Amino acid sequence: MLRRTFGATTVALLLTGAAWAQDQSIIVQSTTSTANSGLYDYLLPIFQDKTGIQVNVVAVGTGQAIKNAENCDGDVLLVHAKPSEEKFLAAGFGTARTDLMYNDFVIVGPGSDPAGVGGMTDVQGALTQIAEKGALFASRGDDSGTHKKEVSLWADSGVDPTAASGDWYRETGSGMGATLNAGIGMGAYVMTDRATWISFGNKQDYAIQVEGDEDMFNQYGVIPVNPEKCPSVNAEAAQTFADWLVSGEGQDAIAGYKVADQQLFFPNAPTN
Amino acid sequence: MSDAAALTPLHIRESAQNSPLMPLVVRDLTLRFGETTVLDGLSLDLDTRGCTMVMGANGSGKSLLLKLLHGLIHPSAGQIHWGSQTPTAVTRRQALVFQKPVLLRRSVAANIDFVLKVRGKDRSRRAALLEHVGLSHKADQPARLLSGGEAQRLALARALATDPEVLFLDEPTASLDPASVLAIEGIVNGARSRGVRIIFVTHDVGQARRIADDIVFLHRGRIAEHSPVADFFPTPQSSAARDYLSGRIVV
Amino acid sequence: MDFWPIGHGSSEHAFNFTQRLGLNFGCQTAYPPTCGNFCISGIALQSITDALGLAFALVLSGDGDLLEIVALSLRVSLTATVIACLIGLPVGALVAIGRFRGRNAVLIVMNALMGLPPVVVGLLVYLHLSRSGPLGFLGLLYTPSAMIIAQTILIAPIVAALSRQVLEDLHAEYAEQFRSLCLTRLQTIQALLWDARYSLLTVGLAGFGRAIAEVGAVIIVGGNIDHLTRVMTTAIALETSKGDLALALALGIILLIIALGVNAAVQSVRMTAARQAYV
């Protein structure tokens with residue numbers, strides 16, 4: 001009898017589990033920075049109140065988010081690696097890409113600033129100096145948008161840090177928060193998006209050392225997943241969400257999200 | 001301890017079976033474990049009724065002989081025939097009570113219920129069986145908290161629940177107090193009087209005198225002597241039995 | 001009051017909440033800038049004290065989001081444990097009483113599967129449940145069902161391997177009696193499972209402990225979606241990645257308390273059973 005009760009419970013639990021996957025919901029495959037900084041916690045209730053559409057966010061690195069979307073495991077893609085996003089579009093996985101907002105990358109480092117890059121605005125110069133001094137630098141190393149950006153900045157500066165991988169160049173292979181925790185733990189410089197840094201809770205004696213270079217601009221884009229490639233997507237709700245984000249109301253909401261009185265994201269969707 | 005109506009008389013059971021179990025014929029029975037020969041060409045004939053006591057020194061192979069006869073283990077050589085059948089074919093029509101009773105981790109009643117259920121017997125017989133072995137008042141207690149004597153009586157009740165035609169007992173009263181020994185002998189005698197064939201391993205000479213019809217004496221893997229109880233104790237024929245009875249243990 | 005920083009729109013509240021309690025997560029003031037690695041141990045110690053206070057405050061506040069996460073953790077892991085037992089116990093019993101060719105190989109595989117890395121299980125389940133995978137049509141990815149499936153795969157081998165050992169030991173005691181009673185294989189398995197039920201409770205507990213504590217599988221197939229698939233461990237991972245170590249640790253403490261509670265409950269059942277010599 002005991003076993004029968006267990007069985008019934010199991011079935012009931014599975015059924016409720018299935019029932020949770022309601023129709024008016026979409027899955028956003030997202031980069032971690034927008035989730036870790038708390039932006040969704042602020043934006044989504046506003047959107048849900050208005051439309052009744054439940055938005056479920058899967059926050060992973062940009063690389064994995066794109067991969068998951070290509071597997072049709074999301075309705076909307078929200079990441080920050082324009083070349084990869086365009087490749088995604090070209091392969092027919094997305095319907096259209098729209099610039100959504102930007103913030104910028106900064107390089108944070110310990111208060112002691114062993115490479116002496118504090119206050120520099122030339123990011124290539126700062127990276128070269130870090131490499132010359134052999135100061136520790138913690139990289140995402142996870143093919144994320146931030147990592148791709150970092151790799152391109154190193155390339156611009158003419159330094160190949162991977163030659164020193166495991167020496168002063170430490171690739172954590174983890175998300176932004178985990179890389180910050182690791183970098184701070186070992187006293188390494190870390191390149192992070194400003195939004196994650198402002199809302200990060202374990203700063204210790206770290207501070208922004210390098211900022212303000214135009215090359216550290218960080219553009220986010222939004223792409224609904226193409227129902228022709230992925231018939232399972234909730235195309236209508238996905239489009240509603242993407243449209244709302246780039247609408248005046250959505251853009252105002254993005255601008256309105258602040259942590260410690262600082263605006264984290266700057267909306268820049270094209271106005272029609 | 002009343003003779004319960006739940007204990008089916010033998011003639012009803014016999015008619016239900018297609019072939020008689022007795023007589024038992026054993027020829028050249030040999031059992032080896034690697035280099036060790038435990039039973040060495042043993043032959044034995046047992047007839048239809050009564051209580052046969054198997055005696056012999058420790059290590060003479062008494063318990064293994066019971067298990068061979070019951071079909072729990074297989075001989076290295078030789079034949080065993082219950083009527084015209086092999087032991088494994090008739091295991092179901094027999095029951096074995098072990099020296100150390102193996103009781104389920106359940107209540108006394110549930111131990112009986114288990115056997116009645118797996119053997120497809122009438123579940124309502126439980127009360128009568130417990131009454132028969134004097135354990136009615138312990139029905140709801142955990143079986144493994146019973147005293148040694150009570151545990152062995154429960155094992156007996158469980159064996160009787162299967163309505164065996166042959167009941168094997170492997171030193172069931174070793175390490176029990178005299179009252180418990182008598183209680184168990186009473187139950188065994190009751191079964192014999194209903195026609196159950198009893199094959200009983202014991203070291204207890206007094207017990208053998210009280211309930212045995214004949215004695216099988218094992219020595220060095222063979223039957224040293226098989227004689228009626230009236231002859232065995234006063235005039236043992238084999239030197240091994242004489243030594244055993246006089247306390248000179250031989251191996 | 002909404003103290004819970006994971007819920008929608010409540011991040012700032014959590015910030016205020018910790019400040020209100022006077023908790024200090026940074027060491028900018030407490031440590032000189034040159035403290036280097038030694039800074040970490042100081043921080044860690046302080047975080048633990050903070051976390052204890054925070055854990056208590058969270059529990060006492062009865063926060064809805066916290067309850068939701070705890071409830072989902074229990075629902076997913078208990079369901080996975082039950083299903084893993086329905087699969088693992090019969091398998092363990094069959095191997096325990098079976099004498100067949102290749103039994104040793106089966107034992108080795110069963111024992112090796114106990115060490116399945118959760119991330120690998122998560123990936124395998126993801127690949128199957130993904131919309132582009134063979135079971136994608138079920139639409140189970142990023143649902144509690146997917147998490148239950150992953151955890152079931154993770155712990156069924158544990159249940160099978162440990163129950164095999166328990167049942168084999170018990171069978172060694174019962175085997176001759178059972179053969180004398182002419183039990184069928186099915187009757188033997190049923191009797192062994194029933195008589196070993198209190199020991200098997202501990203086996204189930206081992207599986208449950210592994211399920212509720214793992215993060216690698218559920219974060220991949222569940223996606224750590226707020227209000228849908230966020231459980232204790234993925235919430236802890238999230239708070240850690242946000243750098244909120246004290247809150248992460250507080251959640252860890254609550255997880256530990258739950259595990260202690262479940263273990264204590266099972267232990268008390270076992271003790272009752274032991275008094276009746278049923279263990």
# chains A, B, ... in the order shown; residues from 1 in each chain; ligands from 1

$ interface_residues --of "chain B" --to "chain C" --cutoff "7 Å" --atoms "only C-alpha atoms" --output "list in words"
Leu72, Thr91, Arg92, Ala95, Leu96, Val102, Leu104, Arg105, Arg106, Val118, Pro142, Arg144 and Leu145 of chain B

$ residues_around --residues "Glu236 in chain A" --least-positions-apart "6" --cutoff "12 Å" --atoms "only C-alpha atoms" --output "PDB file with N, CA and C atoms, in the first residue's frame"
ATOM      1  N   ASP A  23       1.271  28.102 -21.133  1.00  0.00           N
ATOM      2  CA  ASP A  23       1.379  28.591 -22.498  1.00  0.00           C
ATOM      3  C   ASP A  23       1.924  30.012 -22.565  1.00  0.00           C
ATOM      4  N   GLN A  24       1.383  30.889 -21.732  1.00  0.00           N
ATOM      5  CA  GLN A  24       1.798  32.281 -21.828  1.00  0.00           C
ATOM      6  C   GLN A  24       3.112  32.501 -21.089  1.00  0.00           C
ATOM      7  N   SER A  25       4.130  31.806 -21.534  1.00  0.00           N
ATOM      8  CA  SER A  25       5.440  32.020 -20.929  1.00  0.00           C
ATOM      9  C   SER A  25       6.493  31.854 -22.008  1.00  0.00           C
ATOM     10  N   ILE A  26       7.591  32.560 -21.829  1.00  0.00           N
ATOM     11  CA  ILE A  26       8.701  32.421 -22.772  1.00  0.00           C
ATOM     12  C   ILE A  26       9.989  32.223 -21.994  1.00  0.00           C
ATOM     13  N   THR A  51       1.478  42.617 -19.697  1.00  0.00           N
ATOM     14  CA  THR A  51       1.079  41.667 -20.747  1.00  0.00           C
ATOM     15  C   THR A  51       0.587  40.328 -20.208  1.00  0.00           C
ATOM     16  N   ILE A  53       2.488  37.941 -19.653  1.00  0.00           N
ATOM     17  CA  ILE A  53       3.395  36.907 -20.164  1.00  0.00           C
ATOM     18  C   ILE A  53       4.484  36.636 -19.126  1.00  0.00           C
ATOM     19  N   ASP A  75      13.095  31.264 -26.436  1.00  0.00           N
ATOM     20  CA  ASP A  75      12.246  32.007 -27.366  1.00  0.00           C
ATOM     21  C   ASP A  75      12.886  33.327 -27.760  1.00  0.00           C
ATOM     22  N   VAL A  76      13.724  33.833 -26.850  1.00  0.00           N
ATOM     23  CA  VAL A  76      14.378  35.113 -27.107  1.00  0.00           C
ATOM     24  C   VAL A  76      15.842  34.975 -26.688  1.00  0.00           C
ATOM     25  N   THR A  95      14.866  36.032 -35.936  1.00  0.00           N
ATOM     26  CA  THR A  95      14.065  36.768 -36.917  1.00  0.00           C
ATOM     27  C   THR A  95      14.712  38.115 -37.220  1.00  0.00           C
ATOM     28  N   PRO A 224      14.527  37.700 -31.248  1.00  0.00           N
ATOM     29  CA  PRO A 224      13.542  36.614 -31.092  1.00  0.00           C
ATOM     30  C   PRO A 224      13.995  35.403 -31.916  1.00  0.00           C
ATOM     31  N   VAL A 225      13.806  34.218 -31.373  1.00  0.00           N
ATOM     32  CA  VAL A 225      14.207  33.002 -32.084  1.00  0.00           C
ATOM     33  C   VAL A 225      13.210  32.725 -33.205  1.00  0.00           C
ATOM     34  N   ASN A 226      13.745  32.303 -34.336  1.00  0.00           N
ATOM     35  CA  ASN A 226      12.945  32.144 -35.554  1.00  0.00           C
ATOM     36  C   ASN A 226      12.047  30.899 -35.489  1.00  0.00           C
ATOM     37  N   PRO A 227      10.717  31.081 -35.569  1.00  0.00           N
ATOM     38  CA  PRO A 227       9.816  29.912 -35.492  1.00  0.00           C
ATOM     39  C   PRO A 227       9.968  28.984 -36.702  1.00  0.00           C
ATOM     40  N   ALA A 242      10.290  41.350 -27.106  1.00  0.00           N
ATOM     41  CA  ALA A 242      11.355  42.093 -27.792  1.00  0.00           C
ATOM     42  C   ALA A 242      10.859  43.497 -28.148  1.00  0.00           C
ATOM     43  N   ASP A 243       9.615  43.582 -28.641  1.00  0.00           N
ATOM     44  CA  ASP A 243       9.062  44.886 -29.020  1.00  0.00           C
ATOM     45  C   ASP A 243       8.968  45.811 -27.814  1.00  0.00           C
TER      46      ASP A 243
END

$ closest_residue --among "C:Leu260, C:Ala274, C:Val215, C:Ile253" --to "Thr229 in chain C" --atoms "only C-alpha atoms"
C:Val215

$ interface_residues --of "chain A" --to "chain C" --cutoff "6 Å" --atoms "only C-alpha atoms" --output "PyMOL selection string"
chain A and resi 17+36+41-42+56-58+71-73+111-112+177-178+200-202+204-205

$ write_last_selection --atoms "all heavy atoms" --output "short mmCIF file (atom, residue, chain, number, x, y, z; two decimals), in the first residue's frame"
data_model
loop_
_atom_site.label_atom_id
_atom_site.label_comp_id
_atom_site.auth_asym_id
_atom_site.auth_seq_id
_atom_site.Cartn_x
_atom_site.Cartn_y
_atom_site.Cartn_z
N GLY A 17 4.26 19.35 -12.27
CA GLY A 17 5.46 19.85 -12.93
C GLY A 17 5.15 20.23 -14.36
O GLY A 17 5.52 21.29 -14.83
N ASN A 36 22.74 38.83 -13.29
CA ASN A 36 23.45 39.02 -12.02
C ASN A 36 23.33 40.45 -11.50
O ASN A 36 23.42 40.68 -10.30
CB ASN A 36 24.94 38.66 -12.19
CG ASN A 36 25.16 37.17 -12.18
OD1 ASN A 36 24.20 36.40 -12.16
ND2 ASN A 36 26.41 36.75 -12.22
N ASP A 41 15.16 41.33 -12.51
CA ASP A 41 14.29 41.39 -11.33
C ASP A 41 13.49 42.70 -11.32
O ASP A 41 12.42 42.79 -10.76
CB ASP A 41 15.14 41.30 -10.05
CG ASP A 41 15.83 39.96 -9.92
OD1 ASP A 41 15.36 39.01 -10.59
OD2 ASP A 41 16.82 39.86 -9.20
N TYR A 42 14.07 43.71 -11.98
CA TYR A 42 13.42 45.01 -12.02
C TYR A 42 12.48 45.12 -13.22
O TYR A 42 11.35 45.57 -13.10
CB TYR A 42 14.50 46.09 -12.08
CG TYR A 42 13.98 47.50 -12.22
CD1 TYR A 42 13.50 48.20 -11.12
CD2 TYR A 42 13.97 48.13 -13.46
CE1 TYR A 42 13.03 49.49 -11.25
CE2 TYR A 42 13.49 49.42 -13.61
CZ TYR A 42 13.02 50.10 -12.49
OH TYR A 42 12.54 51.37 -12.62
N ASN A 56 10.74 33.58 -18.33
CA ASN A 56 11.70 32.76 -17.58
C ASN A 56 13.09 32.97 -18.13
O ASN A 56 13.32 32.81 -19.33
CB ASN A 56 11.32 31.29 -17.67
CG ASN A 56 9.95 31.02 -17.07
OD1 ASN A 56 9.65 31.54 -16.00
ND2 ASN A 56 9.13 30.26 -17.77
N VAL A 57 14.01 33.34 -17.25
CA VAL A 57 15.36 33.68 -17.70
C VAL A 57 16.33 32.55 -17.38
O VAL A 57 16.42 32.10 -16.25
CB VAL A 57 15.84 34.97 -17.01
CG1 VAL A 57 17.27 35.29 -17.46
CG2 VAL A 57 14.90 36.12 -17.34
N VAL A 58 17.02 32.08 -18.41
CA VAL A 58 18.13 31.15 -18.20
C VAL A 58 19.40 31.95 -18.43
O VAL A 58 19.70 32.36 -19.54
CB VAL A 58 18.06 29.96 -19.17
CG1 VAL A 58 19.28 29.07 -18.99
CG2 VAL A 58 16.79 29.16 -18.94
N ASN A 71 19.62 25.34 -30.27
CA ASN A 71 18.96 24.06 -30.00
C ASN A 71 17.47 24.24 -29.78
O ASN A 71 16.78 23.32 -29.34
CB ASN A 71 19.56 23.39 -28.76
CG ASN A 71 20.93 22.79 -29.05
OD1 ASN A 71 21.24 22.48 -30.19
ND2 ASN A 71 21.73 22.63 -28.01
N CYS A 72 16.98 25.46 -30.05
CA CYS A 72 15.55 25.78 -29.90
C CYS A 72 15.11 25.75 -28.43
O CYS A 72 13.93 25.52 -28.15
CB CYS A 72 14.67 24.84 -30.72
SG CYS A 72 15.11 24.83 -32.47
N ASP A 73 16.05 25.92 -27.50
CA ASP A 73 15.69 25.87 -26.08
C ASP A 73 15.45 27.27 -25.50
O ASP A 73 15.70 27.52 -24.33
CB ASP A 73 16.78 25.15 -25.30
CG ASP A 73 16.85 23.68 -25.69
OD1 ASP A 73 15.78 23.11 -25.95
OD2 ASP A 73 17.95 23.13 -25.76
N GLY A 111 43.48 47.36 -4.60
CA GLY A 111 43.84 48.72 -4.22
C GLY A 111 45.33 48.97 -4.37
O GLY A 111 45.75 50.09 -4.67
N SER A 112 46.16 47.95 -4.20
CA SER A 112 47.61 48.14 -4.29
C SER A 112 48.06 48.38 -5.73
O SER A 112 49.18 48.83 -5.95
CB SER A 112 48.32 46.91 -3.72
OG SER A 112 47.89 45.75 -4.43
N GLY A 177 30.59 36.47 -12.17
CA GLY A 177 30.69 36.54 -10.71
C GLY A 177 31.76 35.61 -10.17
O GLY A 177 32.57 35.98 -9.31
N ALA A 178 31.78 34.39 -10.70
CA ALA A 178 32.76 33.42 -10.22
C ALA A 178 34.17 33.89 -10.55
O ALA A 178 35.10 33.71 -9.75
CB ALA A 178 32.50 32.06 -10.86
N PHE A 200 28.00 43.96 -7.61
CA PHE A 200 28.73 42.83 -7.02
C PHE A 200 28.95 43.05 -5.53
O PHE A 200 29.33 44.14 -5.11
CB PHE A 200 30.08 42.66 -7.75
CG PHE A 200 30.81 41.40 -7.39
CD1 PHE A 200 30.30 40.16 -7.75
CD2 PHE A 200 31.99 41.45 -6.67
CE1 PHE A 200 30.97 39.01 -7.42
CE2 PHE A 200 32.67 40.29 -6.34
CZ PHE A 200 32.15 39.06 -6.71
N GLY A 201 28.74 42.02 -4.75
CA GLY A 201 28.72 42.19 -3.30
C GLY A 201 30.02 41.87 -2.58
O GLY A 201 30.14 42.06 -1.38
N ASN A 202 31.01 41.34 -3.29
CA ASN A 202 32.23 40.87 -2.61
C ASN A 202 33.45 41.63 -3.11
O ASN A 202 34.45 41.06 -3.47
CB ASN A 202 32.38 39.36 -2.86
CG ASN A 202 33.55 38.75 -2.11
OD1 ASN A 202 33.90 39.22 -1.03
ND2 ASN A 202 34.17 37.75 -2.69
N GLN A 204 35.61 43.66 -1.66
CA GLN A 204 36.79 43.76 -0.79
C GLN A 204 37.55 45.07 -1.07
O GLN A 204 36.94 46.13 -1.10
CB GLN A 204 37.65 42.52 -0.94
CG GLN A 204 36.84 41.27 -0.55
CD GLN A 204 37.69 40.05 -0.33
OE1 GLN A 204 38.89 40.14 -0.11
NE2 GLN A 204 37.06 38.89 -0.34
N ASP A 205 38.87 45.00 -1.32
CA ASP A 205 39.60 46.27 -1.51
C ASP A 205 39.72 46.62 -2.99
O ASP A 205 40.57 47.41 -3.37
CB ASP A 205 40.99 46.19 -0.87
CG ASP A 205 41.93 45.29 -1.64
OD1 ASP A 205 41.42 44.30 -2.23
OD2 ASP A 205 43.14 45.55 -1.68
#

$ residues_around --residues "range 145-152 of chain A" --least-positions-apart "6" --cutoff "6 Å" --atoms "only C-alpha atoms" --output "number ranges by chain"
A: 62, 80-81

$ atom_distance --atom1 "CA of Ser37 in chain A" --atom2 "CA of Asp252 in chain A"
17.4 Å

$ select_by_dssp --residues "range 156-220 of chain A" --states "helix (DSSP H, G or I)" --output "JSON, numbers by chain"
{"A": [156, 157, 161, 162, 163, 164, 176, 177, 178, 179, 180, 181, 182, 183, 184, 185, 186, 194, 195, 196, 197, 198, 199, 214, 215, 216]}

$ atom_distance --atom1 "CA of Leu42 in chain B" --atom2 "CA of His219 in chain B"
10.1 Å

$ atom_distance --atom1 "CA of Thr271 in chain A" --atom2 "CA of Leu89 in chain A"
21.2 Å
